[in-house]
file data_2.cif (mmCIF, C-alpha atoms and all ligand atoms; chains and numbers go by the auth columns)
data_upload
#
loop_
_atom_site.group_PDB
_atom_site.id
_atom_site.type_symbol
_atom_site.label_atom_id
_atom_site.label_comp_id
_atom_site.label_asym_id
_atom_site.label_seq_id
_atom_site.Cartn_x
_atom_site.Cartn_y
_atom_site.Cartn_z
_atom_site.B_iso_or_equiv
_atom_site.auth_seq_id
_atom_site.auth_asym_id
ATOM 1 C CA MET A 1 2.201 -21.992 -21.593 0.00 255 K
ATOM 2 C CA ILE A 2 3.344 -24.062 -18.608 0.00 256 K
ATOM 3 C CA ILE A 3 3.019 -22.814 -15.055 0.00 257 K
ATOM 4 C CA ALA A 4 4.903 -25.190 -12.793 0.00 258 K
ATOM 5 C CA GLY A 5 5.244 -25.121 -9.028 0.00 259 K
ATOM 6 C CA ASN A 6 8.119 -26.610 -7.057 0.00 260 K
ATOM 7 C CA TRP A 7 7.215 -27.104 -3.424 0.00 261 K
ATOM 8 C CA LYS A 8 10.682 -28.369 -2.428 0.00 262 K
ATOM 9 C CA MET A 9 10.660 -29.784 1.145 0.00 263 K
ATOM 10 C CA ASN A 10 7.650 -27.805 2.352 0.00 264 K
ATOM 11 C CA LEU A 11 4.107 -28.481 3.583 0.00 265 K
ATOM 12 C CA GLU A 12 2.668 -31.232 5.741 0.00 266 K
ATOM 13 C CA LYS A 13 0.186 -33.653 4.237 0.00 267 K
ATOM 14 C CA ASN A 14 -3.031 -31.836 5.203 0.00 268 K
ATOM 15 C CA GLU A 15 -1.599 -28.512 3.967 0.00 269 K
ATOM 16 C CA ALA A 16 -0.477 -30.114 0.717 0.00 270 K
ATOM 17 C CA LEU A 17 -3.922 -31.612 0.090 0.00 271 K
ATOM 18 C CA GLN A 18 -5.657 -28.347 0.832 0.00 272 K
ATOM 19 C CA LEU A 19 -3.372 -26.356 -1.432 0.00 273 K
ATOM 20 C CA VAL A 20 -3.885 -28.683 -4.391 0.00 274 K
ATOM 21 C CA LYS A 21 -7.650 -28.719 -3.786 0.00 275 K
ATOM 22 C CA ASP A 22 -7.739 -24.925 -3.691 0.00 276 K
ATOM 23 C CA ILE A 23 -5.840 -24.654 -6.965 0.00 277 K
ATOM 24 C CA ALA A 24 -7.801 -27.462 -8.651 0.00 278 K
ATOM 25 C CA SER A 25 -11.128 -25.876 -7.709 0.00 279 K
ATOM 26 C CA GLU A 26 -10.424 -22.941 -10.034 0.00 280 K
ATOM 27 C CA GLU A 27 -11.141 -23.123 -13.749 0.00 281 K
ATOM 28 C CA VAL A 28 -7.928 -22.831 -15.776 0.00 282 K
ATOM 29 C CA HIS A 29 -7.834 -22.176 -19.520 0.00 283 K
ATOM 30 C CA PRO A 30 -6.973 -25.427 -21.363 0.00 284 K
ATOM 31 C CA ASP A 31 -3.991 -23.760 -23.082 0.00 285 K
ATOM 32 C CA ILE A 32 -2.242 -23.486 -19.716 0.00 286 K
ATOM 33 C CA GLN A 33 -0.627 -26.595 -18.301 0.00 287 K
ATOM 34 C CA VAL A 34 -0.404 -26.487 -14.526 0.00 288 K
ATOM 35 C CA LYS A 35 2.269 -28.717 -13.017 0.00 289 K
ATOM 36 C CA ILE A 36 3.359 -29.093 -9.413 0.00 290 K
ATOM 37 C CA ALA A 37 6.466 -30.967 -8.241 0.00 291 K
ATOM 38 C CA VAL A 38 5.664 -32.293 -4.776 0.00 292 K
ATOM 39 C CA PRO A 39 7.494 -34.373 -2.135 0.00 293 K
ATOM 40 C CA PHE A 40 7.482 -38.110 -3.012 0.00 294 K
ATOM 41 C CA VAL A 41 5.279 -39.107 -0.064 0.00 295 K
ATOM 42 C CA TYR A 42 2.352 -37.085 -1.421 0.00 296 K
ATOM 43 C CA LEU A 43 2.585 -38.053 -5.096 0.00 297 K
ATOM 44 C CA ASP A 44 -0.077 -40.731 -5.086 0.00 298 K
ATOM 45 C CA ASN A 45 -2.631 -38.847 -2.992 0.00 299 K
ATOM 46 C CA LEU A 46 -2.281 -35.588 -4.837 0.00 300 K
ATOM 47 C CA ARG A 47 -2.414 -37.207 -8.264 0.00 301 K
ATOM 48 C CA GLU A 48 -5.841 -38.554 -7.344 0.00 302 K
ATOM 49 C CA VAL A 49 -7.071 -35.081 -6.428 0.00 303 K
ATOM 50 C CA VAL A 50 -6.303 -33.744 -9.912 0.00 304 K
ATOM 51 C CA SER A 51 -7.021 -36.913 -11.918 0.00 305 K
ATOM 52 C CA GLU A 52 -10.099 -35.385 -13.581 0.00 306 K
ATOM 53 C CA GLN A 53 -8.229 -32.306 -14.830 0.00 307 K
ATOM 54 C CA SER A 54 -6.323 -32.977 -18.017 0.00 308 K
ATOM 55 C CA ASN A 55 -4.229 -29.799 -17.831 0.00 309 K
ATOM 56 C CA PHE A 56 -3.191 -30.239 -14.176 0.00 310 K
ATOM 57 C CA SER A 57 -0.485 -32.732 -13.262 0.00 311 K
ATOM 58 C CA ILE A 58 1.552 -33.686 -10.252 0.00 312 K
ATOM 59 C CA GLY A 59 5.230 -34.585 -10.694 0.00 313 K
ATOM 60 C CA ALA A 60 8.309 -35.687 -8.776 0.00 314 K
ATOM 61 C CA GLN A 61 11.179 -33.423 -7.724 0.00 315 K
ATOM 62 C CA ASN A 62 13.893 -35.954 -8.453 0.00 316 K
ATOM 63 C CA ILE A 63 14.524 -39.614 -9.257 0.00 317 K
ATOM 64 C CA HIS A 64 17.480 -41.960 -8.791 0.00 318 K
ATOM 65 C CA GLN A 65 19.536 -42.944 -11.811 0.00 319 K
ATOM 66 C CA ALA A 66 18.989 -46.688 -11.285 0.00 320 K
ATOM 67 C CA LEU A 67 15.667 -48.403 -11.936 0.00 321 K
ATOM 68 C CA SER A 68 15.810 -50.537 -8.781 0.00 322 K
ATOM 69 C CA GLY A 69 18.303 -52.031 -6.367 0.00 323 K
ATOM 70 C CA ALA A 70 20.106 -51.603 -3.066 0.00 324 K
ATOM 71 C CA TYR A 71 19.881 -47.816 -2.752 0.00 325 K
ATOM 72 C CA THR A 72 18.275 -47.264 0.630 0.00 326 K
ATOM 73 C CA GLY A 73 16.156 -44.171 0.778 0.00 327 K
ATOM 74 C CA GLU A 74 16.023 -43.561 -2.967 0.00 328 K
ATOM 75 C CA ILE A 75 13.097 -43.484 -5.407 0.00 329 K
ATOM 76 C CA SER A 76 13.255 -44.714 -8.999 0.00 330 K
ATOM 77 C CA ALA A 77 11.603 -43.563 -12.210 0.00 331 K
ATOM 78 C CA LYS A 78 9.806 -46.910 -12.333 0.00 332 K
ATOM 79 C CA MET A 79 8.275 -46.326 -8.886 0.00 333 K
ATOM 80 C CA VAL A 80 7.173 -42.838 -9.792 0.00 334 K
ATOM 81 C CA LYS A 81 5.683 -44.081 -13.052 0.00 335 K
ATOM 82 C CA SER A 82 3.861 -46.908 -11.264 0.00 336 K
ATOM 83 C CA CYS A 83 2.100 -44.278 -9.123 0.00 337 K
ATOM 84 C CA GLY A 84 0.616 -42.800 -12.298 0.00 338 K
ATOM 85 C CA ILE A 85 3.009 -39.854 -12.365 0.00 339 K
ATOM 86 C CA ASP A 86 4.341 -38.842 -15.759 0.00 340 K
ATOM 87 C CA TRP A 87 7.054 -36.239 -15.152 0.00 341 K
ATOM 88 C CA THR A 88 9.952 -35.290 -12.903 0.00 342 K
ATOM 89 C CA LEU A 89 12.206 -32.327 -12.288 0.00 343 K
ATOM 90 C CA LEU A 90 15.900 -33.086 -12.832 0.00 344 K
ATOM 91 C CA GLY A 91 19.062 -31.236 -11.877 0.00 345 K
ATOM 92 C CA HIS A 92 17.451 -28.522 -9.798 0.00 346 K
ATOM 93 C CA SER A 93 20.175 -26.198 -8.516 0.00 347 K
ATOM 94 C CA GLU A 94 19.509 -27.329 -4.936 0.00 348 K
ATOM 95 C CA ARG A 95 20.197 -30.913 -6.003 0.00 349 K
ATOM 96 C CA ARG A 96 23.366 -29.738 -7.740 0.00 350 K
ATOM 97 C CA GLN A 97 24.446 -27.598 -4.764 0.00 351 K
ATOM 98 C CA PHE A 98 23.477 -29.670 -1.701 0.00 352 K
ATOM 99 C CA PHE A 99 23.608 -33.200 -3.130 0.00 353 K
ATOM 100 C CA ASP A 100 26.567 -32.789 -5.484 0.00 354 K
ATOM 101 C CA GLU A 101 24.611 -33.678 -8.594 0.00 355 K
ATOM 102 C CA THR A 102 26.696 -33.068 -11.675 0.00 356 K
ATOM 103 C CA SER A 103 25.391 -32.592 -15.199 0.00 357 K
ATOM 104 C CA ASP A 104 26.719 -36.072 -16.046 0.00 358 K
ATOM 105 C CA LEU A 105 24.536 -37.512 -13.288 0.00 359 K
ATOM 106 C CA VAL A 106 21.579 -35.449 -14.488 0.00 360 K
ATOM 107 C CA GLN A 107 22.110 -37.007 -17.918 0.00 361 K
ATOM 108 C CA GLU A 108 22.010 -40.512 -16.426 0.00 362 K
ATOM 109 C CA LYS A 109 18.796 -39.656 -14.596 0.00 363 K
ATOM 110 C CA CYS A 110 17.353 -38.164 -17.744 0.00 364 K
ATOM 111 C CA LYS A 111 18.062 -41.350 -19.686 0.00 365 K
ATOM 112 C CA VAL A 112 16.218 -43.585 -17.221 0.00 366 K
ATOM 113 C CA ALA A 113 13.348 -41.125 -16.904 0.00 367 K
ATOM 114 C CA LEU A 114 12.870 -41.048 -20.687 0.00 368 K
ATOM 115 C CA GLN A 115 13.249 -44.813 -20.886 0.00 369 K
ATOM 116 C CA GLU A 116 10.379 -45.083 -18.391 0.00 370 K
ATOM 117 C CA LYS A 117 8.371 -42.685 -20.579 0.00 371 K
ATOM 118 C CA LEU A 118 8.452 -39.845 -18.068 0.00 372 K
ATOM 119 C CA LYS A 119 8.640 -36.223 -19.174 0.00 373 K
ATOM 120 C CA VAL A 120 11.537 -34.278 -17.663 0.00 374 K
ATOM 121 C CA ILE A 121 12.066 -30.682 -16.664 0.00 375 K
ATOM 122 C CA ILE A 122 15.855 -30.242 -16.789 0.00 376 K
ATOM 123 C CA CYS A 123 17.000 -27.272 -14.718 0.00 377 K
ATOM 124 C CA VAL A 124 20.060 -25.194 -15.591 0.00 378 K
ATOM 125 C CA GLY A 125 21.336 -21.835 -14.373 0.00 379 K
ATOM 126 C CA GLU A 126 24.472 -20.024 -13.317 0.00 380 K
ATOM 127 C CA PRO A 127 25.572 -19.029 -9.809 0.00 381 K
ATOM 128 C CA GLN A 128 26.135 -15.379 -8.918 0.00 382 K
ATOM 129 C CA SER A 129 29.935 -15.477 -9.298 0.00 383 K
ATOM 130 C CA VAL A 130 29.599 -16.724 -12.871 0.00 384 K
ATOM 131 C CA ARG A 131 27.095 -13.969 -13.731 0.00 385 K
ATOM 132 C CA GLU A 132 29.431 -11.383 -12.193 0.00 386 K
ATOM 133 C CA ASN A 133 32.247 -12.580 -14.459 0.00 387 K
ATOM 134 C CA GLY A 134 29.952 -12.461 -17.479 0.00 388 K
ATOM 135 C CA ASN A 135 30.405 -16.194 -18.222 0.00 389 K
ATOM 136 C CA GLN A 136 26.772 -17.205 -17.760 0.00 390 K
ATOM 137 C CA LYS A 137 26.187 -18.318 -21.349 0.00 391 K
ATOM 138 C CA GLU A 138 29.201 -20.646 -21.499 0.00 392 K
ATOM 139 C CA PHE A 139 28.180 -22.052 -18.103 0.00 393 K
ATOM 140 C CA VAL A 140 24.601 -22.759 -19.134 0.00 394 K
ATOM 141 C CA LYS A 141 25.708 -24.189 -22.497 0.00 395 K
ATOM 142 C CA THR A 142 27.995 -26.679 -20.752 0.00 396 K
ATOM 143 C CA GLN A 143 25.194 -27.675 -18.374 0.00 397 K
ATOM 144 C CA LEU A 144 22.800 -28.201 -21.281 0.00 398 K
ATOM 145 C CA ASP A 145 25.315 -30.100 -23.412 0.00 399 K
ATOM 146 C CA LYS A 146 26.102 -32.474 -20.578 0.00 400 K
ATOM 147 C CA SER A 147 22.658 -32.837 -19.007 0.00 401 K
ATOM 148 C CA ILE A 148 20.675 -33.699 -22.138 0.00 402 K
ATOM 149 C CA PRO A 149 21.454 -37.276 -23.273 0.00 403 K
ATOM 150 C CA LYS A 150 23.521 -37.531 -26.450 0.00 404 K
ATOM 151 C CA ASP A 151 21.587 -40.190 -28.336 0.00 405 K
ATOM 152 C CA LEU A 152 17.998 -39.034 -27.928 0.00 406 K
ATOM 153 C CA GLU A 153 15.365 -40.673 -30.086 0.00 407 K
ATOM 154 C CA THR A 154 13.179 -38.276 -32.072 0.00 408 K
ATOM 155 C CA SER A 155 10.167 -39.480 -30.096 0.00 409 K
ATOM 156 C CA GLU A 156 11.854 -38.451 -26.832 0.00 410 K
ATOM 157 C CA ILE A 157 12.400 -34.789 -27.747 0.00 411 K
ATOM 158 C CA PRO A 158 8.769 -33.781 -27.050 0.00 412 K
ATOM 159 C CA ARG A 159 9.165 -35.087 -23.492 0.00 413 K
ATOM 160 C CA ILE A 160 11.878 -32.568 -22.654 0.00 414 K
ATOM 161 C CA ILE A 161 11.303 -29.216 -20.976 0.00 415 K
ATOM 162 C CA ILE A 162 14.127 -26.895 -19.935 0.00 416 K
ATOM 163 C CA ALA A 163 13.970 -24.554 -16.937 0.00 417 K
ATOM 164 C CA TYR A 164 16.443 -21.682 -16.805 0.00 418 K
ATOM 165 C CA GLU A 165 16.870 -20.775 -13.158 0.00 419 K
ATOM 166 C CA PRO A 166 19.717 -18.382 -12.349 0.00 420 K
ATOM 167 C CA VAL A 167 20.914 -19.602 -8.953 0.00 421 K
ATOM 168 C CA TRP A 168 21.319 -16.030 -7.680 0.00 422 K
ATOM 169 C CA ALA A 169 17.602 -15.465 -8.212 0.00 423 K
ATOM 170 C CA ILE A 170 16.302 -18.601 -6.472 0.00 424 K
ATOM 171 C CA GLY A 171 14.625 -17.886 -3.170 0.00 425 K
ATOM 172 C CA THR A 172 16.522 -14.604 -2.879 0.00 426 K
ATOM 173 C CA GLY A 173 13.845 -12.164 -4.001 0.00 427 K
ATOM 174 C CA LEU A 174 16.245 -11.088 -6.782 0.00 428 K
ATOM 175 C CA THR A 175 14.836 -11.793 -10.225 0.00 429 K
ATOM 176 C CA ALA A 176 16.481 -11.694 -13.620 0.00 430 K
ATOM 177 C CA SER A 177 15.070 -8.727 -15.497 0.00 431 K
ATOM 178 C CA PRO A 178 12.787 -9.699 -18.394 0.00 432 K
ATOM 179 C CA GLU A 179 15.609 -8.636 -20.759 0.00 433 K
ATOM 180 C CA GLN A 180 18.253 -10.730 -18.976 0.00 434 K
ATOM 181 C CA ALA A 181 15.929 -13.722 -18.940 0.00 435 K
ATOM 182 C CA GLN A 182 14.906 -13.323 -22.597 0.00 436 K
ATOM 183 C CA ASP A 183 18.552 -12.993 -23.632 0.00 437 K
ATOM 184 C CA MET A 184 19.428 -16.297 -21.972 0.00 438 K
ATOM 185 C CA HIS A 185 16.259 -18.042 -23.163 0.00 439 K
ATOM 186 C CA HIS A 186 16.993 -16.980 -26.731 0.00 440 K
ATOM 187 C CA TYR A 187 20.507 -18.345 -26.375 0.00 441 K
ATOM 188 C CA ILE A 188 19.138 -21.642 -25.010 0.00 442 K
ATOM 189 C CA ARG A 189 16.648 -21.771 -27.900 0.00 443 K
ATOM 190 C CA ASP A 190 19.549 -21.446 -30.376 0.00 444 K
ATOM 191 C CA ILE A 191 21.429 -24.271 -28.694 0.00 445 K
ATOM 192 C CA LEU A 192 18.337 -26.500 -28.783 0.00 446 K
ATOM 193 C CA CYS A 193 17.730 -25.724 -32.473 0.00 447 K
ATOM 194 C CA GLN A 194 21.362 -26.418 -33.345 0.00 448 K
ATOM 195 C CA ARG A 195 21.047 -29.760 -31.661 0.00 449 K
ATOM 196 C CA PHE A 196 17.515 -30.805 -32.619 0.00 450 K
ATOM 197 C CA GLY A 197 16.720 -28.759 -35.719 0.00 451 K
ATOM 198 C CA SER A 198 13.247 -27.295 -35.882 0.00 452 K
ATOM 199 C CA SER A 199 12.093 -29.561 -32.995 0.00 453 K
ATOM 200 C CA GLY A 200 14.203 -27.297 -30.784 0.00 454 K
ATOM 201 C CA ASN A 201 11.633 -24.560 -31.317 0.00 455 K
ATOM 202 C CA LYS A 202 8.986 -26.711 -29.679 0.00 456 K
ATOM 203 C CA ILE A 203 10.914 -27.478 -26.476 0.00 457 K
ATOM 204 C CA PRO A 204 9.365 -25.296 -23.750 0.00 458 K
ATOM 205 C CA ILE A 205 11.846 -23.141 -21.830 0.00 459 K
ATOM 206 C CA LEU A 206 10.589 -22.068 -18.400 0.00 460 K
ATOM 207 C CA TYR A 207 12.029 -19.267 -16.284 0.00 461 K
ATOM 208 C CA GLY A 208 12.500 -19.821 -12.537 0.00 462 K
ATOM 209 C CA GLY A 209 13.908 -17.633 -9.779 0.00 463 K
ATOM 210 C CA SER A 210 11.684 -15.530 -7.530 0.00 464 K
ATOM 211 C CA MET A 211 8.835 -15.395 -10.038 0.00 465 K
ATOM 212 C CA LYS A 212 5.811 -13.858 -8.345 0.00 466 K
ATOM 213 C CA PRO A 213 2.608 -12.064 -9.380 0.00 467 K
ATOM 214 C CA GLN A 214 4.451 -8.713 -9.394 0.00 468 K
ATOM 215 C CA ASN A 215 7.036 -9.730 -11.996 0.00 469 K
ATOM 216 C CA ALA A 216 5.317 -12.595 -13.850 0.00 470 K
ATOM 217 C CA HIS A 217 3.819 -10.485 -16.623 0.00 471 K
ATOM 218 C CA GLY A 218 7.138 -8.939 -17.646 0.00 472 K
ATOM 219 C CA LEU A 219 8.872 -12.312 -17.695 0.00 473 K
ATOM 220 C CA LEU A 220 6.150 -14.471 -19.245 0.00 474 K
ATOM 221 C CA SER A 221 5.501 -12.001 -22.054 0.00 475 K
ATOM 222 C CA GLN A 222 9.028 -12.470 -23.464 0.00 476 K
ATOM 223 C CA ASP A 223 9.223 -14.317 -26.800 0.00 477 K
ATOM 224 C CA ASP A 224 11.326 -17.255 -25.653 0.00 478 K
ATOM 225 C CA ILE A 225 9.812 -17.674 -22.191 0.00 479 K
ATOM 226 C CA ASP A 226 7.225 -20.448 -22.367 0.00 480 K
ATOM 227 C CA GLY A 227 6.265 -20.547 -18.713 0.00 481 K
ATOM 228 C CA GLY A 228 7.528 -20.401 -15.158 0.00 482 K
ATOM 229 C CA LEU A 229 8.963 -22.709 -12.511 0.00 483 K
ATOM 230 C CA ILE A 230 7.841 -21.214 -9.255 0.00 484 K
ATOM 231 C CA GLY A 231 9.068 -22.042 -5.763 0.00 485 K
ATOM 232 C CA GLY A 232 8.010 -19.708 -2.944 0.00 486 K
ATOM 233 C CA ALA A 233 4.984 -18.250 -4.726 0.00 487 K
ATOM 234 C CA SER A 234 3.629 -21.754 -5.444 0.00 488 K
ATOM 235 C CA LEU A 235 3.172 -22.431 -1.735 0.00 489 K
ATOM 236 C CA LYS A 236 0.112 -20.161 -1.504 0.00 490 K
ATOM 237 C CA SER A 237 -2.909 -20.707 -3.733 0.00 491 K
ATOM 238 C CA ALA A 238 -3.520 -16.966 -4.121 0.00 492 K
ATOM 239 C CA SER A 239 -0.100 -16.134 -5.569 0.00 493 K
ATOM 240 C CA PHE A 240 0.140 -19.278 -7.695 0.00 494 K
ATOM 241 C CA LEU A 241 -3.344 -18.691 -9.132 0.00 495 K
ATOM 242 C CA GLN A 242 -2.502 -15.065 -9.817 0.00 496 K
ATOM 243 C CA ILE A 243 0.463 -16.166 -11.909 0.00 497 K
ATOM 244 C CA ILE A 244 -1.797 -18.631 -13.745 0.00 498 K
ATOM 245 C CA ARG A 245 -4.247 -15.775 -14.490 0.00 499 K
ATOM 246 C CA ILE A 246 -1.395 -13.654 -15.843 0.00 500 K
ATOM 247 C CA ALA A 247 -0.345 -16.522 -18.127 0.00 501 K
ATOM 248 C CA GLU A 248 -3.944 -16.930 -19.327 0.00 502 K
ATOM 249 C CA GLY A 249 -4.091 -13.229 -20.141 0.00 503 K
ATOM 250 C CA LEU A 250 -1.012 -13.510 -22.361 0.00 504 K
ATOM 251 C CA LYS A 251 -2.624 -16.122 -24.642 0.00 505 K
ATOM 252 C CA LYS A 252 0.729 -17.479 -25.846 0.00 506 K
HETATM 253 P P1 LIG B . 11.764 -19.505 -6.051 0.00 601 K
HETATM 254 O O1 LIG B . 12.234 -20.977 -6.459 0.00 601 K
HETATM 255 O O2 LIG B . 10.582 -19.158 -6.932 0.00 601 K
HETATM 256 O O3 LIG B . 11.393 -19.582 -4.615 0.00 601 K
HETATM 257 O O4 LIG B . 12.928 -18.588 -6.305 0.00 601 K
HETATM 258 C C1 LIG B . 12.268 -21.393 -7.796 0.00 601 K
HETATM 259 C C2 LIG B . 12.838 -22.779 -7.884 0.00 601 K
HETATM 260 O O5 LIG B . 13.773 -23.092 -7.137 0.00 601 K
HETATM 261 O O6 LIG B . 12.398 -23.627 -8.698 0.00 601 K
#
call {"tool": "encode", "arguments": {"input": "data_2.cif", "output": "structure tokens"}}
result
Amino acid sequence: MIIAGNWKMNLEKNEALQLVKDIASEEVHPDIQVKIAVPFVYLDNLREVVSEQSNFSIGAQNIHQALSGAYTGEISAKMVKSCGIDWTLLGHSERRQFFDETSDLVQEKCKVALQEKLKVIICVGEPQSVRENGNQKEFVKTQLDKSIPKDLETSEIPRIIIAYEPVWAIGTGLTASPEQAQDMHHYIRDILCQRFGSSGNKIPILYGGSMKPQNAHGLLSQDDIDGGLIGGASLKSASFLQIIRIAEGLKK
């Protein structure tokens, strides 16, 4: 199972270091992969803190779609890779909402990330209005179809992770019920298997959206939920570690 944190634009450097040290000081079962997406400026430092732990990795929250060039203020997959980082989030709903990232752009980013041998966590999820109209599956299918590159090599499939994050549940305290989440995850699993055959079964599908210790067991115990992508509750070692303990207890 994968328990991933997404710090977004939070924490100053000393707080970030302390939080990673607190999490890394706890023994975690080797079947659980702990991942944290941190602000770019801390990538190098924090990677060093966890370098001895094979199941703990630090990743980026985004990359630019070009490998280098005149793009002031941007960070490329090559740069991230050269800092010893091996994965990035892509297409988080906040990137889609506040920075106008479309699924076509996410696909471009995904291509360069895979080319640079990074793993990617591609985020998808419907806004509230779409859920209210009952069109969430069509919406998520379109996002998946467009965000995942068309001509993937077989060797690239194992470097893809999907995160289903209903936008109405992100940072709102509202969570999809375990049944709602499982229903969508199962649907995503079918799409992945149609596209990639049996390899689709091996692509982890994480749930994100107000996951916390109180609801993690119900969500993580669902058949097609292979882990969590956790925002708010990843900013405190106690709550993040509690979710890790719940995942360990499930032995999936
Ligand atoms: P949240 O964020 O857990 O605070 O809802 C999840 C995410 O945005 O990845």
call {"tool": "residues_around", "arguments": {"input": "data_2.cif", "residues": "Asn309 in chain K", "least_positions_apart": "3", "cutoff": "10 Å", "atoms": "all atoms listed in the file", "output": "PyMOL selection string"}}
result
chain K and resi 256+282-289+304-306
call {"tool": "resolve_selection", "arguments": {"input": "data_2.cif", "expression": "the PyMOL selection byres (((chain K and resi 280) around 12) and not hetatm)", "output": "ChimeraX atom specification"}}
result
/K:273-279,281-283,288,304,307,310,491-492,494-496,498-499
call {"tool": "residues_around", "arguments": {"input": "data_2.cif", "residues": "Gly482 in chain K", "least_positions_apart": "4", "cutoff": "7 Å", "atoms": "only C-alpha atoms", "output": "ChimeraX atom specification"}}
result
/K:256-258,460-462
call {"tool": "write_last_selection", "arguments": {"input": "data_2.cif", "atoms": "C-alpha atoms", "output": "tab-separated table (two decimals), in the coordinates of the input"}}
result
chain	number	residue	atom	x	y	z
K	256	ILE	CA	3.34	-24.06	-18.61
K	257	ILE	CA	3.02	-22.81	-15.06
K	258	ALA	CA	4.90	-25.19	-12.79
K	460	LEU	CA	10.59	-22.07	-18.40
K	461	TYR	CA	12.03	-19.27	-16.28
K	462	GLY	CA	12.50	-19.82	-12.54
call {"tool": "closest_residue", "arguments": {"input": "data_2.cif", "among": "K:Ile329, K:Ala367, K:Ile411, K:Val292", "to": "ligand LIG 601 (chain K)", "atoms": "all atoms listed in the file"}}
result
K:Val292
call {"tool": "residues_around", "arguments": {"input": "data_2.cif", "residues": "Pro412 in chain K", "least_positions_apart": "5", "cutoff": "9 Å", "atoms": "only C-alpha atoms", "output": "list in words"}}
result
Lys373, Ser453, Lys456 and Ile457 of chain K
call {"tool": "residues_around", "arguments": {"input": "data_2.cif", "residues": "Leu489 in chain K", "least_positions_apart": "6", "cutoff": "9 Å", "atoms": "all atoms listed in the file", "output": "list of chain:residue names"}}
result
K:Gly259, K:Asn260, K:Trp261, K:Asn264, K:Leu265, K:Ala270, K:Leu273
call {"tool": "closest_atom_pairs", "arguments": {"input": "data_2.cif", "of": "chain K", "to": "ligand LIG 601 (chain K)", "cutoff": "7 Å", "atoms": "only C-alpha atoms and all ligand atoms", "output": "CSV"}}
result
residue,atom,partner,partner_atom,distance
K:Asn260,CA,K:LIG601,O6,5.5
K:Glu419,CA,K:LIG601,O6,6.9
K:Ala423,CA,K:LIG601,O4,5.9
K:Ile424,CA,K:LIG601,O4,3.4
K:Gly425,CA,K:LIG601,O4,3.6
K:Thr426,CA,K:LIG601,O4,6.4
K:Gly427,CA,K:LIG601,O4,6.9
K:Gly462,CA,K:LIG601,C1,5.0
K:Gly463,CA,K:LIG601,O4,3.7
K:Ser464,CA,K:LIG601,O4,3.5
K:Met465,CA,K:LIG601,O2,5.2
K:Leu483,CA,K:LIG601,O6,5.2
K:Ile484,CA,K:LIG601,O2,4.1
K:Gly485,CA,K:LIG601,O1,3.4
K:Gly486,CA,K:LIG601,O3,3.8
K:Ala487,CA,K:LIG601,O2,6.1
call {"tool": "closest_residue", "arguments": {"input": "data_2.cif", "among": "K:Glu328, K:Asn316, K:Asp405, K:Gly338", "to": "Leu297 in chain K", "atoms": "all atoms listed in the file"}}
result
K:Gly338
call {"tool": "resolve_selection", "arguments": {"input": "data_2.cif", "expression": "the PyMOL selection byres (((chain K and resi 371) around 10) and not hetatm)", "output": "PyMOL selection string"}}
result
chain K and resi 331-332+335+340-341+365-370+372-374+410+413
